Each structure stands twice: as structure tokens, then as C-alpha cells.
Amino acid sequence: MPRIYLDHNATTPLVPVALERFTAVAASTWGNASSVHHFGQQAKAVLDDARAAVAGLIGAEPSELIFTAGGTESDNAAIRGAAEALEASGRRHLVASSIEHEAVLQTVKALARRGWDVTLLPVGQRGVVEPDALAAALTDRTAVVSVMHANNEIGTLQPIAELAALARSRGALFHTDAVQTAGKLPVDVQALGVDLLSLSAHKFGGPKGTGALWVRRGVRLAAFVTGGRQERNRRAGTENVPAISGMGAAAQYARQAATEAAPRIAALRDRLEQGVLAGVPDTAVNGDPAARVPNTTNLSFDRVESESLLIALDLEGIAVSSGSACSSGTLEPSHVLKAMGYPHPRTLNSIRFSLGGSTTEAEIDHVLAVLPRLVTKLRSLAAR
């Protein structure tokens, strides 16, 4: 039975250049990058090369990049670090969209329990934050605004440059979680006008457990791991040099591959989406059909529980998701679809298909051949 992987928003396979770099560095460059001797300086040189490569992916200066353990840590570090650095100024108000990843939502909720004021911005059924909503939420006490570049469940892109300009006009810092855009679309921190930006290596073909946080020069950020002086005194601890080197190789690859692959992947996504809408009755697309990353579609299947369909597809060798991998295994409705105002059944009957560079037309056609039969069967069982 062929195995078809359509869950690239959860994680991506290591690209060959990242695997080769990771294994080569793990075998030969095992020094501590903080050591001053030859072996340590070898490791530091690897870190410097990787930092330059990752910075190049987002149009940044290498000196502004901090390596982390992934997107969740980067989000935590950005929001907690910036908020704590501004706490003494009296700015104790945080703003985030209501459809952020849990890494952001749980962080602002934790700060709310410590006395911070938090505003969650509404979105409509397009899944887009309106600039007017942010303008109305901002106050002179707003410290940090966090709005993701693209949503992980529905793929919708946000008007980050406009939102960031509004936040900065009121003296607030702006953070964006670019985990789902870096490596899929060109990302430029200067064009976006943000102050902080989060990345995760395994979303663009790098190793798991590795990420980065870009911090605009001059932005104060409290240390989020204390100890030694690694990562410019902001994240103490010996760096994972092999994994970071793999992230750098993946970033170099993605910088070119993202632009080249996007049209082909978008065409396959559209082929899948149009085929489902035409071949399976009572289906609909969730979110803005235009302003989104090229690889993602989130589809609602009326009268079908998403978990049942996910399992049925997996038994046919097709891997998809019902939402964020970090929230899988729960029976809770999607907080993203709920925030978008969809009725309760629709928050429970939607499936995310996220394609990647390895996805083929034959795989999409196989999914379209299998899916109608599975949905018909599940609907018949539910009707009994």
C-alpha cells in the first residue's frame, strides 16, 4: 500500500542536504562552541555559518538571530522576554489574535495570571485580523502585539506589515510567528516591519528540536534561559551544533526552493481542493481562499467527525491532520475555527491537508479516488 504524506504543516522530512550536514558535523565537529581552543572554534565556525544561512532566509543580520529549541520556545522567548523587559515601564498590556498557535495563547494566558492585561483580537470567517480591530485594542500600556504570519490550521496569511506599523506607532513591539511561512514563501523582516520573528527548522526540512528567534537590533529582551553567555546572554546552554548546522543547510535550500516550488505546490493544492468540492457533496473550504500559504487547504465535511475521517484515511495510507499537531489527541473543537465563528459541528468536521515539495499529482489523484468512498461510508454509519 502506498503511503501518502499530506501533513507537512506538522513536520517535514529532512531535506538531504540538511541530513548530510547534520551527520557530518555530528561525526567531526564535536567541540563546545564556547571553548577557545581549536575544537571549540571549529564548532563556533559551524554556528556562525548556520546563523548567516538562517538569517539569509528572512533577510536579517546574523547578529540579530538567537538559536532556540524550536518554534514554541521562540514564541515564549519573544513574548515573555519582551514583556518582562518592558514591565518596569508600566506597559503591562498584551495583544494577540484569537487564532494564534497554543505556544502564543498559553504564554499570554500565563502572563495574564501574573496580572498582565490581555486582549485577543477577533477574526471573521476569512480568518484574518482586521487592522481596525488592532487599532481599537492598542493603548499606551500595550507592550507586545503577537500575530502569526500564517495560521497553521487554515494557512491564512495576515496583513503583518500593516498591523506591525500600527503597533509600533503606539510604541508597542510586534512579534510574528513565521513558523508556517519561512521556507514556503519569501519572508523579509524589514519588509514586514516586525520587531521579533519566530522560526522552526523542522517546518522547512531541518531537524526537529531546533529553531530561531530574530530580534531587531535595539529591542530589549530579558534572558529566557539563564546561566552562561551563549546566544548573546539570552539563551544559556551549550548549543546543539549538529542540529543547528542542519537548520542552516535547510535554510539555504529553502531560500531558493520556496520560490521555485510554490507555484507547483499551489496548483496541486488547488487540484485537491477543487476535486474534493466537486466530488464530495456538502464540503466547504475554511478560511480565505486567496490570502494563504500555497500548500494548505482546510476542508469541512458535513456530518463526518474529523477524527473518524483522519483514521479512515490513515488506514488507506494517507496521512492528514484535523488541526495543529500540538493539539492532536484531544476531542476539543478547533479553537481556530471556533474563533472564526463557524457553527460547532463545523469546528469538529474539518481536515487539514498540507502538501510539500515531495507531493505528486499521482498522490493527489489517489486521494481524490479514495476520499468520496470513505466520506460516504462514514456518513452512512453516522445516520444509523
# chains A, B, ... in the order shown; residues from 1 in each chain; ligands from 1

call {"tool": "closest_atom_pairs", "arguments": {"of": "region 319-373 of chain A", "to": "region 94-106 of chain A", "cutoff": "7 Å", "atoms": "only C-alpha atoms", "output": "JSON lines"}}
result
{"residue": "A:His335", "atom": "CA", "partner": "A:Ile99", "partner_atom": "CA", "distance": 6.8}
{"residue": "A:Val336", "atom": "CA", "partner": "A:Ile99", "partner_atom": "CA", "distance": 4.8}
{"residue": "A:Ala339", "atom": "CA", "partner": "A:Ser98", "partner_atom": "CA", "distance": 6.3}

call {"tool": "select_by_dssp", "arguments": {"residues": "region 57-271 of chain A", "states": "alpha helix (DSSP H)", "output": "VMD selection string"}}
result
chain A and resid 57 71 to 86 102 to 113 131 to 137 160 to 169 189 to 192 230 to 233 241 to 271

call {"tool": "closest_residue", "arguments": {"among": "A:Pro345, A:Gly71, A:Gly81, A:Pro281", "to": "Leu221 (chain A)", "atoms": "only C-alpha atoms"}}
result
A:Gly81

call {"tool": "closest_atom_pairs", "arguments": {"of": "region 281-355 of chain A", "to": "region 362-372 of chain A", "cutoff": "10 Å", "atoms": "only C-alpha atoms", "output": "Markdown table"}}
result
| residue | atom | partner | partner_atom | distance |
| --- | --- | --- | --- | --- |
| A:Pro281 | CA | A:Pro372 | CA | 8.7 |
| A:Leu309 | CA | A:Leu371 | CA | 9.0 |
| A:Ala312 | CA | A:Leu371 | CA | 9.3 |
| A:Leu313 | CA | A:Leu371 | CA | 7.6 |
| A:Glu316 | CA | A:Val370 | CA | 8.0 |
| A:Gly317 | CA | A:Val367 | CA | 9.6 |
| A:Ile318 | CA | A:Val367 | CA | 7.4 |
| A:Leu355 | CA | A:Ile364 | CA | 9.5 |

call {"tool": "residues_around", "arguments": {"residues": "Ala82 (chain A)", "least_positions_apart": "6", "cutoff": "9 Å", "atoms": "only C-alpha atoms", "output": "VMD selection string"}}
result
chain A and resid 143 to 144 173 219 to 222

call {"tool": "decode", "arguments": {"residues": "region 60-204 of chain A", "atoms": "C-alpha atoms", "output": "PDB file, in the first residue's frame"}}
result
ATOM      1  CA  ALA A  60      18.150  39.579   8.586  1.00  0.00           C
ATOM      2  CA  GLU A  61      21.593  40.254  10.011  1.00  0.00           C
ATOM      3  CA  PRO A  62      23.208  37.172  11.596  1.00  0.00           C
ATOM      4  CA  SER A  63      23.954  39.086  14.796  1.00  0.00           C
ATOM      5  CA  GLU A  64      20.206  39.537  15.366  1.00  0.00           C
ATOM      6  CA  LEU A  65      19.453  35.793  15.413  1.00  0.00           C
ATOM      7  CA  ILE A  66      19.177  33.605  18.521  1.00  0.00           C
ATOM      8  CA  PHE A  67      19.045  29.825  18.208  1.00  0.00           C
ATOM      9  CA  THR A  68      16.364  28.032  20.239  1.00  0.00           C
ATOM     10  CA  ALA A  69      14.893  24.562  20.617  1.00  0.00           C
ATOM     11  CA  GLY A  70      12.032  25.268  18.191  1.00  0.00           C
ATOM     12  CA  GLY A  71       9.034  27.436  17.404  1.00  0.00           C
ATOM     13  CA  THR A  72       7.366  27.054  20.789  1.00  0.00           C
ATOM     14  CA  GLU A  73      10.460  28.219  22.641  1.00  0.00           C
ATOM     15  CA  SER A  74      10.929  31.076  20.189  1.00  0.00           C
ATOM     16  CA  ASP A  75       7.344  32.257  20.752  1.00  0.00           C
ATOM     17  CA  ASN A  76       7.741  32.008  24.525  1.00  0.00           C
ATOM     18  CA  ALA A  77      11.070  33.816  24.447  1.00  0.00           C
ATOM     19  CA  ALA A  78       9.736  36.645  22.291  1.00  0.00           C
ATOM     20  CA  ILE A  79       6.620  37.344  24.335  1.00  0.00           C
ATOM     21  CA  ARG A  80       7.932  36.691  27.838  1.00  0.00           C
ATOM     22  CA  GLY A  81      11.323  38.232  27.150  1.00  0.00           C
ATOM     23  CA  ALA A  82       9.964  41.429  25.614  1.00  0.00           C
ATOM     24  CA  ALA A  83       7.155  41.749  28.174  1.00  0.00           C
ATOM     25  CA  GLU A  84       9.471  41.324  31.146  1.00  0.00           C
ATOM     26  CA  ALA A  85      11.963  43.806  29.696  1.00  0.00           C
ATOM     27  CA  LEU A  86       9.154  46.394  29.422  1.00  0.00           C
ATOM     28  CA  GLU A  87       7.451  45.610  32.729  1.00  0.00           C
ATOM     29  CA  ALA A  88       9.169  48.366  34.677  1.00  0.00           C
ATOM     30  CA  SER A  89       7.956  50.948  32.147  1.00  0.00           C
ATOM     31  CA  GLY A  90       4.347  50.319  33.160  1.00  0.00           C
ATOM     32  CA  ARG A  91       3.442  48.693  29.855  1.00  0.00           C
ATOM     33  CA  ARG A  92       1.523  45.641  31.038  1.00  0.00           C
ATOM     34  CA  HIS A  93      -0.887  45.014  28.171  1.00  0.00           C
ATOM     35  CA  LEU A  94      -0.505  42.223  25.605  1.00  0.00           C
ATOM     36  CA  VAL A  95      -2.406  41.744  22.348  1.00  0.00           C
ATOM     37  CA  ALA A  96      -2.635  38.573  20.261  1.00  0.00           C
ATOM     38  CA  SER A  97      -5.006  37.196  17.669  1.00  0.00           C
ATOM     39  CA  SER A  98      -7.573  34.650  18.808  1.00  0.00           C
ATOM     40  CA  ILE A  99      -6.258  32.110  16.262  1.00  0.00           C
ATOM     41  CA  GLU A 100      -2.623  32.022  17.373  1.00  0.00           C
ATOM     42  CA  HIS A 101      -0.784  28.762  17.979  1.00  0.00           C
ATOM     43  CA  GLU A 102      -1.101  27.486  21.544  1.00  0.00           C
ATOM     44  CA  ALA A 103       2.543  28.454  22.096  1.00  0.00           C
ATOM     45  CA  VAL A 104       1.404  32.075  21.970  1.00  0.00           C
ATOM     46  CA  LEU A 105      -2.054  31.732  23.506  1.00  0.00           C
ATOM     47  CA  GLN A 106      -0.870  29.761  26.529  1.00  0.00           C
ATOM     48  CA  THR A 107       2.005  32.195  27.063  1.00  0.00           C
ATOM     49  CA  VAL A 108      -0.215  35.285  27.156  1.00  0.00           C
ATOM     50  CA  LYS A 109      -2.671  33.423  29.404  1.00  0.00           C
ATOM     51  CA  ALA A 110       0.180  32.607  31.799  1.00  0.00           C
ATOM     52  CA  LEU A 111       1.172  36.277  31.872  1.00  0.00           C
ATOM     53  CA  ALA A 112      -2.483  37.210  32.454  1.00  0.00           C
ATOM     54  CA  ARG A 113      -2.412  35.074  35.602  1.00  0.00           C
ATOM     55  CA  ARG A 114       0.508  37.219  36.730  1.00  0.00           C
ATOM     56  CA  GLY A 115      -1.545  40.385  36.351  1.00  0.00           C
ATOM     57  CA  TRP A 116      -0.980  41.378  32.742  1.00  0.00           C
ATOM     58  CA  ASP A 117      -3.946  42.654  30.744  1.00  0.00           C
ATOM     59  CA  VAL A 118      -4.555  40.592  27.601  1.00  0.00           C
ATOM     60  CA  THR A 119      -6.674  41.337  24.538  1.00  0.00           C
ATOM     61  CA  LEU A 120      -7.393  38.619  21.961  1.00  0.00           C
ATOM     62  CA  LEU A 121      -8.292  40.069  18.587  1.00  0.00           C
ATOM     63  CA  PRO A 122     -11.351  38.655  16.794  1.00  0.00           C
ATOM     64  CA  VAL A 123     -11.307  37.310  13.254  1.00  0.00           C
ATOM     65  CA  GLY A 124     -14.144  36.757  10.813  1.00  0.00           C
ATOM     66  CA  GLN A 125     -14.782  33.694   8.688  1.00  0.00           C
ATOM     67  CA  ARG A 126     -11.887  34.640   6.428  1.00  0.00           C
ATOM     68  CA  GLY A 127      -9.588  34.081   9.399  1.00  0.00           C
ATOM     69  CA  VAL A 128      -7.940  37.482   9.002  1.00  0.00           C
ATOM     70  CA  VAL A 129      -7.191  40.104  11.670  1.00  0.00           C
ATOM     71  CA  GLU A 130      -8.578  43.441  10.553  1.00  0.00           C
ATOM     72  CA  PRO A 131      -6.257  46.410  11.170  1.00  0.00           C
ATOM     73  CA  ASP A 132      -9.160  48.377  12.660  1.00  0.00           C
ATOM     74  CA  ALA A 133      -9.538  45.712  15.345  1.00  0.00           C
ATOM     75  CA  LEU A 134      -5.907  46.078  16.339  1.00  0.00           C
ATOM     76  CA  ALA A 135      -6.096  49.870  16.272  1.00  0.00           C
ATOM     77  CA  ALA A 136      -9.048  49.747  18.666  1.00  0.00           C
ATOM     78  CA  ALA A 137      -7.230  47.381  21.037  1.00  0.00           C
ATOM     79  CA  LEU A 138      -3.964  49.309  21.310  1.00  0.00           C
ATOM     80  CA  THR A 139      -3.340  51.556  24.311  1.00  0.00           C
ATOM     81  CA  ASP A 140      -0.371  53.472  25.680  1.00  0.00           C
ATOM     82  CA  ARG A 141       0.171  50.496  28.004  1.00  0.00           C
ATOM     83  CA  THR A 142       0.486  47.905  25.217  1.00  0.00           C
ATOM     84  CA  ALA A 143       3.869  46.190  25.435  1.00  0.00           C
ATOM     85  CA  VAL A 144       3.746  43.451  22.796  1.00  0.00           C
ATOM     86  CA  VAL A 145       1.444  42.517  19.917  1.00  0.00           C
ATOM     87  CA  SER A 146       1.724  38.970  18.538  1.00  0.00           C
ATOM     88  CA  VAL A 147       0.011  37.980  15.293  1.00  0.00           C
ATOM     89  CA  MET A 148       1.144  34.951  13.301  1.00  0.00           C
ATOM     90  CA  HIS A 149       2.269  35.399   9.709  1.00  0.00           C
ATOM     91  CA  ALA A 150       0.193  32.407   8.544  1.00  0.00           C
ATOM     92  CA  ASN A 151      -2.158  30.222  10.510  1.00  0.00           C
ATOM     93  CA  ASN A 152      -1.053  26.624  10.978  1.00  0.00           C
ATOM     94  CA  GLU A 153      -4.541  25.127  10.592  1.00  0.00           C
ATOM     95  CA  ILE A 154      -6.071  27.082   7.710  1.00  0.00           C
ATOM     96  CA  GLY A 155      -2.978  28.644   6.135  1.00  0.00           C
ATOM     97  CA  THR A 156      -4.447  32.167   6.069  1.00  0.00           C
ATOM     98  CA  LEU A 157      -1.914  34.995   5.723  1.00  0.00           C
ATOM     99  CA  GLN A 158      -2.219  38.064   7.914  1.00  0.00           C
ATOM    100  CA  PRO A 159      -1.528  41.705   6.850  1.00  0.00           C
ATOM    101  CA  ILE A 160       1.571  41.767   9.047  1.00  0.00           C
ATOM    102  CA  ALA A 161       3.223  44.898   7.655  1.00  0.00           C
ATOM    103  CA  GLU A 162       0.084  46.978   8.252  1.00  0.00           C
ATOM    104  CA  LEU A 163      -0.500  45.509  11.707  1.00  0.00           C
ATOM    105  CA  ALA A 164       3.130  45.984  12.738  1.00  0.00           C
ATOM    106  CA  ALA A 165       3.090  49.628  11.655  1.00  0.00           C
ATOM    107  CA  LEU A 166       0.013  50.241  13.814  1.00  0.00           C
ATOM    108  CA  ALA A 167       1.601  48.618  16.851  1.00  0.00           C
ATOM    109  CA  ARG A 168       4.865  50.490  16.518  1.00  0.00           C
ATOM    110  CA  SER A 169       3.021  53.797  16.063  1.00  0.00           C
ATOM    111  CA  ARG A 170       1.768  53.309  19.635  1.00  0.00           C
ATOM    112  CA  GLY A 171       5.174  52.327  20.984  1.00  0.00           C
ATOM    113  CA  ALA A 172       4.432  48.595  21.193  1.00  0.00           C
ATOM    114  CA  LEU A 173       6.699  45.823  19.957  1.00  0.00           C
ATOM    115  CA  PHE A 174       5.376  43.482  17.277  1.00  0.00           C
ATOM    116  CA  HIS A 175       6.108  39.741  17.183  1.00  0.00           C
ATOM    117  CA  THR A 176       5.099  37.381  14.407  1.00  0.00           C
ATOM    118  CA  ASP A 177       5.202  33.603  14.421  1.00  0.00           C
ATOM    119  CA  ALA A 178       6.530  32.808  10.933  1.00  0.00           C
ATOM    120  CA  VAL A 179       6.831  29.070  11.538  1.00  0.00           C
ATOM    121  CA  GLN A 180       4.375  28.276   8.731  1.00  0.00           C
ATOM    122  CA  THR A 181       5.718  30.749   6.155  1.00  0.00           C
ATOM    123  CA  ALA A 182       9.511  30.559   6.306  1.00  0.00           C
ATOM    124  CA  GLY A 183      10.577  28.117   3.615  1.00  0.00           C
ATOM    125  CA  LYS A 184       7.181  28.274   1.872  1.00  0.00           C
ATOM    126  CA  LEU A 185       7.102  31.931   0.905  1.00  0.00           C
ATOM    127  CA  PRO A 186       9.731  34.690   0.789  1.00  0.00           C
ATOM    128  CA  VAL A 187       9.957  36.249   4.269  1.00  0.00           C
ATOM    129  CA  ASP A 188      11.741  39.559   4.841  1.00  0.00           C
ATOM    130  CA  VAL A 189      11.829  41.046   8.327  1.00  0.00           C
ATOM    131  CA  GLN A 190      12.490  44.549   7.020  1.00  0.00           C
ATOM    132  CA  ALA A 191       9.536  44.471   4.619  1.00  0.00           C
ATOM    133  CA  LEU A 192       7.281  43.097   7.350  1.00  0.00           C
ATOM    134  CA  GLY A 193       8.391  45.802   9.786  1.00  0.00           C
ATOM    135  CA  VAL A 194       8.292  43.480  12.805  1.00  0.00           C
ATOM    136  CA  ASP A 195      10.497  43.526  15.905  1.00  0.00           C
ATOM    137  CA  LEU A 196      10.564  39.794  16.673  1.00  0.00           C
ATOM    138  CA  LEU A 197      10.058  36.763  14.433  1.00  0.00           C
ATOM    139  CA  SER A 198       9.944  33.046  15.290  1.00  0.00           C
ATOM    140  CA  LEU A 199      11.184  30.139  13.139  1.00  0.00           C
ATOM    141  CA  SER A 200      11.233  26.348  13.444  1.00  0.00           C
ATOM    142  CA  ALA A 201      13.691  24.213  11.482  1.00  0.00           C
ATOM    143  CA  HIS A 202      11.542  21.110  11.059  1.00  0.00           C
ATOM    144  CA  LYS A 203       8.879  23.063   9.186  1.00  0.00           C
ATOM    145  CA  PHE A 204      11.240  23.649   6.240  1.00  0.00           C
TER     146      PHE A 204
END
